[in-house]
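Peer 1: Below are the structure tokens for one structure; questions will follow.
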Amino acid sequence: MVVILAAILLEAISGFQYYYTRGMLERNLEQQILTGLTISAYRMDGIMNGAATSVYNQVWNAERHLDDPDFMETLVYNLVYNESDMIIGAAIGFRPYFYPQKGYWYELYARQWSDSISVTQIGSAQHDYFSREIYQTAIKGDTLKWSVPYLDNEGAKDMVSTFALPIRDEQGEPIGILGVDINTEWISETVNAIKMHPSSFTMVLSQEGELIARAPDSLCSAKQAQKIVDMINDSTVKKETKINGRATGFDFYNEEKDRFGRVYYSRKRMAPQWFLATVCYDDEAFGELDRMRRSTMWLALAGLVVLGLIIHLFAKGRNKLQQSQMKQQRIDGELQIARDIQNQMLPRENSIKRDDISLHGSLTPAREVGGDLYDFFIRDEKLFFCIGDVSGKGVPSAMLMAVTHSLFRIASLRENNPGLIMQAINRIVCQNNESSMFVTFFIGVLDLPTGRLHYCDAGHDSPIVLKDGVQKALTSKPNIPLGVFDDARYMEEESTLEPGAMLFLYTDGLTEARRSRRNFFGLERVKATLQQQGESPSLSPQSLIQHMTEEVNRFVEGQDQSDDLTMLALVYTPVREKDLLNETLTLQNDPEQVTLLSDFLKGIAKRLNMERKTAYDTRLAVEEAVVNVMSYAYPAGQVGQVIVEAKYDGQRLKFVISDRGVAFDPTRAASTDTTLKAEERPLGGLGILLVRKLADGINYERIDGMNVLTIWKTLNAKV
Amino acid sequence: MNCKVEEKDGIYLISLDGEMDTAAAIEVEKALKSVLKTEEKKDVVIDCECLEYIASSGLRILLAMQKSAMAGGYRLTLRNLNDEIMDVFKLTGFIDIFEIEK
């Protein structure tokens, strides 16, 4: 766009320049032409006046020697001899029988040839010069001008113009004439001696508008010359006055040569009777200018093209830059969104509204998005939590982190064993893991009623338990990280969290935070900070992580974060249960015993003044749970006991169903599909469905060789 | 828990009376099995007006009967289920499986 504008501007300027220059050139040219014309005219003038003067002088001379006819020979000879440049011939002619001895006719003609001058008497019957116009006019002596060119066959044998004066006797009677001829060729040569341009030519015209001399054939043909003469005389031809009115000009086209030009002439009396007209061709007058203009134009065009190219490339570069900037901005924007999504995937602390557990987590990615993760949630009175670190950082790690996170959630929907959860996750992470990324991972399952902690560590830094100022690492048999071997076995470990114990988990972004290449934060500093914080009376997961973060930030002294920094802390504060009711029923492993259970439950419902519906639901839930245990804990035929313990703390009515049968976790059972049609419905599966739907919560724990299944119903909401 | 079976107007009318917990269900199952002959294509109506409670084993018995009815080409109808049992039917999806009359 800019280039086109520039081109137009440049063309306009150049055009203006051209026309202005041309105008200037024209005026200049005209000035020069006028000057040339003037010079030529004056020169011609001078010469011809010189010739005329010679004639005057020789007339006087002739009149002195009228008695000597032979003297006339010398006279004419000298005339030609002295003015041989321009005078081609001179004639002296007397009236009939002026010299009786010479006869009727006596005209001497001196003619200049290339190497000699001849003098001959040319009067004869054939050349009866008296009747010639020249003689006639000259002898009258009233015109003192050069004649219009004519072809003199007798004397000059050429196109000449004659200047003649009368010769008089003592009485003053004209008795003959003396004249000189100049040939038009000479005239033409003289006026064309000064040329404006190689093809310019000058013509001579009489004041009457007759052609006196035209230019040599090479410059101008007879036809063109006549055309010009006609145009000069034609008043209808458009003429312009030039050079402040001192000359006239008009346009002229030479069709023979296919050239355009101008004719300039000035009719003011420069020569005695004649004036000059000069013809200049445009291509010569302005040829150079035009050529210059053309080359300027081409140069300008080339320059513009180059400029255009530069601008185009520049714009392309800019465009590319802009595009890549925009792309970068878009990527940055998307990374920001990804970071927000990652943040939202993290569990909120206030999602756990309980008295017995409090958590705080913190994740600071090294880049916009990170490869670390932590998660926690509660299901069936168990806290499932995890912390992990995907190898690497940035977007690829973040993506694998998201996958692992989802797998953790899915695998722990029904599975309570962290080792089995780990295995399930590992199998899928190993699939399609072509980028050989791996994940160090730690899964913990804390049974909130009992404080029993089951955990599994896949190559991750051991968490630290902090209680009463004592630190202990939660060690385990080493397991390889996720994503390495798809058939790896992961072992579950067991421990117990005492009431009031804090568990601190972290990723290596903490221990490997650096101040310089060799100076790491290190496990020692972590332990030191834990120790220090452990003594603080206001210790909480949040305050612990806050202080740890401050310590690390102080340590690294503003260095860039080299790895994602993640921490998770939880504190276990089980509530002592109030015992408003505590009843136990021992049953044999026999469905018939359910009758005893029904009475037991009805009694409790009555004691606690339960509402009809609540009582119904509770009774059904407990019966189903117990029957379920009876069916699965003891293989067919085996005898065993099922103990049902009812507890009420003012809010929750809990039933703890224990047995010594085979390990069986009812909470792992798959849900029954209640949308199937009658024919498709299996006969089993209803029991656990009803327990889950009717009870407010269910929890299973294997404790000391016993299955302990707890279900509860909230009778009073907390105030 | 009482389980009465009558033949009336060409249909079987079963009345359930009491609480059908798991223990009771065992008895009911025995009673029904001995009474209902599977070759017969008579419609069955179960009146649950006096049925106060039913556990999953009882539900299983009903489901089995419904399956037989559908296979055998006769109709099984449940009548007069109380609110709590209706809730259970809703929870388990049984509400869509049986013909229930008020």
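Starting from 1 in every chain, residues are counted up; chains themselves are A, B, ... following the order of the structure tokens, and ligands are numbered from 1 as listed.
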For the structure I just gave you, how does DSSP split chain B - specifically, which residues are helix (DSSP H, G or I)? Reply as number ranges by chain.
Peer 2: B: 22-35, 56-72, 83-92, 94-96
Peer 1: When you look at Ser57 (chain B) with a cut-off of 12 Å (counting only C-alpha atoms), what residues show up, excluding the ones that are within fewer than 2 positions of it in the same chain? I need them as a ChimeraX atom specification.
Peer 2: /A:591,594,620,623-624,627-628,631,683-687,690 /B:20-29,53-55,59-64
Peer 1: With 10 Å as the limit and counting only C-alpha atoms, what residues in chain A lie close to chain B? Please list them as a VMD selection string.
Peer 2: chain A and resid 590 to 598 612 to 614 616 to 617 619 to 621 623 to 624 627 672 to 690 693 to 694
Peer 1: Find the residue from A:Leu544, A:Arg692, A:Arg330, A:Val204 that sits nearest to Ala670 (chain A); use only C-alpha atoms when measuring.
Peer 2: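 Once distances to Ala670 (chain A) are computed over only C-alpha atoms, the minimum belongs to A:Arg692.
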Peer 1: Interatomic distance between CA of Ile11 (chain B) and CA of Lys41 (chain B)?
Peer 2: 9.1 Å
Peer 1: Excluding same-chain residues fewer than 2 positions from region 3-5 of chain B, what lies within 6 Å of it counting only C-alpha atoms, as a list in words?
Peer 2: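 Skipping anything fewer than 2 positions along the chain leaves Leu13, Ile14, Ser15 and Leu16 of chain B.
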Peer 1: If we count only C-alpha atoms and set the cut-off at 10 Å, which residues sit around region 554-559 of chain A, ignoring sequence neighbours fewer than 6 positions away in its own chain? Please answer as a list of chain:residue names.
Peer 2: A:Ala513, A:Arg514, A:Arg515, A:Ser516, A:Asn519, A:Phe520, A:Phe521, A:Arg525, A:Met548
Peer 1: Any idea what the distance is between CA of Pro69 (chain A) and CA of Ser114 (chain A)?
Peer 2: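 Atom-to-atom, CA of Pro69 (chain A) and CA of Ser114 (chain A) are spaced 26.8 Å apart.
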Peer 1: Which residues of region 441-529 of chain A come within 10 Å of region 701-714 of chain A, and for each one, what is the closest pair of atoms and their distance in Å to one decimal, counting only C-alpha atoms, sorted by chain and residue number, as a tab-separated table?
Peer 2:
```
residue	atom	partner	partner_atom	distance
A:Asp447	CA	A:Glu701	CA	7.5
A:Pro449	CA	A:Thr710	CA	9.5
A:Thr450	CA	A:Glu701	CA	8.8
A:Arg452	CA	A:Glu701	CA	8.7
```
Peer 1: Go ahead and compute the interatomic distance for CA of Leu581 (chain A) and CA of Tyr648 (chain A), in Å to one decimal.
Peer 2: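 Pair CA of Leu581 (chain A) / CA of Tyr648 (chain A) returns 4.9 Å.
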Peer 1: Report the residues of region 1-96 of chain B whose backbone DSSP state falls under strand (DSSP E), written as a PyMOL selection string.
Peer 2: chain B and resi 2-8+11-20+44-54+76-79
Peer 1: Pick out the residues sitting within 12 Å of Ala41 (chain A), and hand them over as a short mmCIF file (atom, residue, chain, number, x, y, z; two decimals) with N, CA and C atoms, in the first residue's frame; count only C-alpha atoms, and ignore anything fewer than 5 positions along from it in its own chain.
Peer 2:
```cif
data_model
loop_
_atom_site.label_atom_id
_atom_site.label_comp_id
_atom_site.auth_asym_id
_atom_site.auth_seq_id
_atom_site.Cartn_x
_atom_site.Cartn_y
_atom_site.Cartn_z
N ILE A 33 17.77 29.62 -30.10
CA ILE A 33 17.37 29.70 -31.52
C ILE A 33 17.34 31.14 -31.96
N LEU A 34 16.73 31.92 -31.11
CA LEU A 34 16.65 33.34 -31.45
C LEU A 34 18.06 33.91 -31.63
N THR A 35 18.88 33.53 -30.67
CA THR A 35 20.27 34.00 -30.76
C THR A 35 20.91 33.54 -32.05
N GLY A 36 20.69 32.23 -32.31
CA GLY A 36 21.26 31.69 -33.55
C GLY A 36 20.75 32.38 -34.77
N GLY A 46 25.44 41.04 -43.08
CA GLY A 46 26.74 41.68 -43.26
C GLY A 46 27.37 41.32 -44.59
N ILE A 47 27.33 40.02 -44.82
CA ILE A 47 27.96 39.55 -46.06
C ILE A 47 27.25 40.12 -47.28
N MET A 48 25.95 40.04 -47.21
CA MET A 48 25.22 40.51 -48.38
C MET A 48 25.34 42.01 -48.54
N ASN A 49 25.34 42.66 -47.39
CA ASN A 49 25.56 44.11 -47.48
C ASN A 49 26.94 44.39 -48.05
N ILE A 187 23.73 30.37 -49.71
CA ILE A 187 22.88 30.96 -48.68
C ILE A 187 22.49 29.88 -47.66
N SER A 188 22.03 28.79 -48.23
CA SER A 188 21.61 27.68 -47.38
C SER A 188 22.74 27.21 -46.48
N THR A 190 25.33 28.88 -45.52
CA THR A 190 25.70 29.90 -44.54
C THR A 190 24.75 29.88 -43.33
N VAL A 191 23.45 29.91 -43.66
CA VAL A 191 22.51 29.97 -42.51
C VAL A 191 22.47 28.67 -41.70
N ASN A 192 22.86 27.60 -42.35
CA ASN A 192 22.85 26.33 -41.62
C ASN A 192 24.18 25.99 -40.97
N ALA A 193 25.10 26.97 -41.08
CA ALA A 193 26.40 26.74 -40.47
C ALA A 193 26.25 26.61 -38.95
N ILE A 194 25.37 27.43 -38.43
CA ILE A 194 25.14 27.32 -36.98
C ILE A 194 23.91 26.44 -36.77
N THR A 202 17.85 25.55 -41.08
CA THR A 202 17.31 26.91 -41.21
C THR A 202 17.01 27.18 -42.68
N MET A 203 15.90 27.86 -42.86
CA MET A 203 15.53 28.25 -44.22
C MET A 203 15.50 29.74 -44.32
N VAL A 204 15.60 30.24 -45.51
CA VAL A 204 15.53 31.68 -45.73
C VAL A 204 14.29 31.98 -46.55
N LEU A 205 13.54 32.92 -46.05
CA LEU A 205 12.36 33.33 -46.78
C LEU A 205 12.40 34.83 -47.03
N TYR A 265 10.56 31.39 -36.25
CA TYR A 265 11.04 32.44 -37.20
C TYR A 265 10.70 33.79 -36.63
N SER A 266 11.42 34.75 -37.11
CA SER A 266 11.14 36.12 -36.69
C SER A 266 11.07 36.98 -37.93
N ARG A 267 9.91 37.58 -38.15
CA ARG A 267 9.72 38.34 -39.38
C ARG A 267 10.20 39.76 -39.27
N LYS A 268 10.65 40.11 -38.11
CA LYS A 268 11.18 41.46 -38.01
C LYS A 268 12.37 41.58 -38.94
N ARG A 269 12.54 42.75 -39.37
CA ARG A 269 13.57 42.93 -40.39
C ARG A 269 14.95 42.72 -39.80
N MET A 270 15.43 41.52 -40.01
CA MET A 270 16.80 41.25 -39.59
C MET A 270 17.69 41.42 -40.81
N ALA A 271 17.33 40.68 -41.82
CA ALA A 271 18.06 40.88 -43.07
C ALA A 271 17.29 41.92 -43.90
N PRO A 272 17.88 42.50 -44.93
CA PRO A 272 17.22 43.56 -45.69
C PRO A 272 15.84 43.14 -46.19
N GLN A 273 15.82 41.93 -46.72
CA GLN A 273 14.48 41.57 -47.20
C GLN A 273 14.06 40.22 -46.73
N TRP A 274 14.98 39.55 -46.18
CA TRP A 274 14.72 38.17 -45.86
C TRP A 274 14.62 37.93 -44.37
N PHE A 275 14.03 36.79 -44.03
CA PHE A 275 14.07 36.36 -42.65
C PHE A 275 14.33 34.85 -42.60
N LEU A 276 14.73 34.45 -41.45
CA LEU A 276 15.11 33.04 -41.28
C LEU A 276 14.06 32.27 -40.48
N ALA A 277 13.96 31.03 -40.84
CA ALA A 277 13.09 30.13 -40.04
C ALA A 277 13.90 28.89 -39.69
N THR A 278 13.90 28.57 -38.45
CA THR A 278 14.67 27.40 -37.99
C THR A 278 13.72 26.29 -37.55
#
```
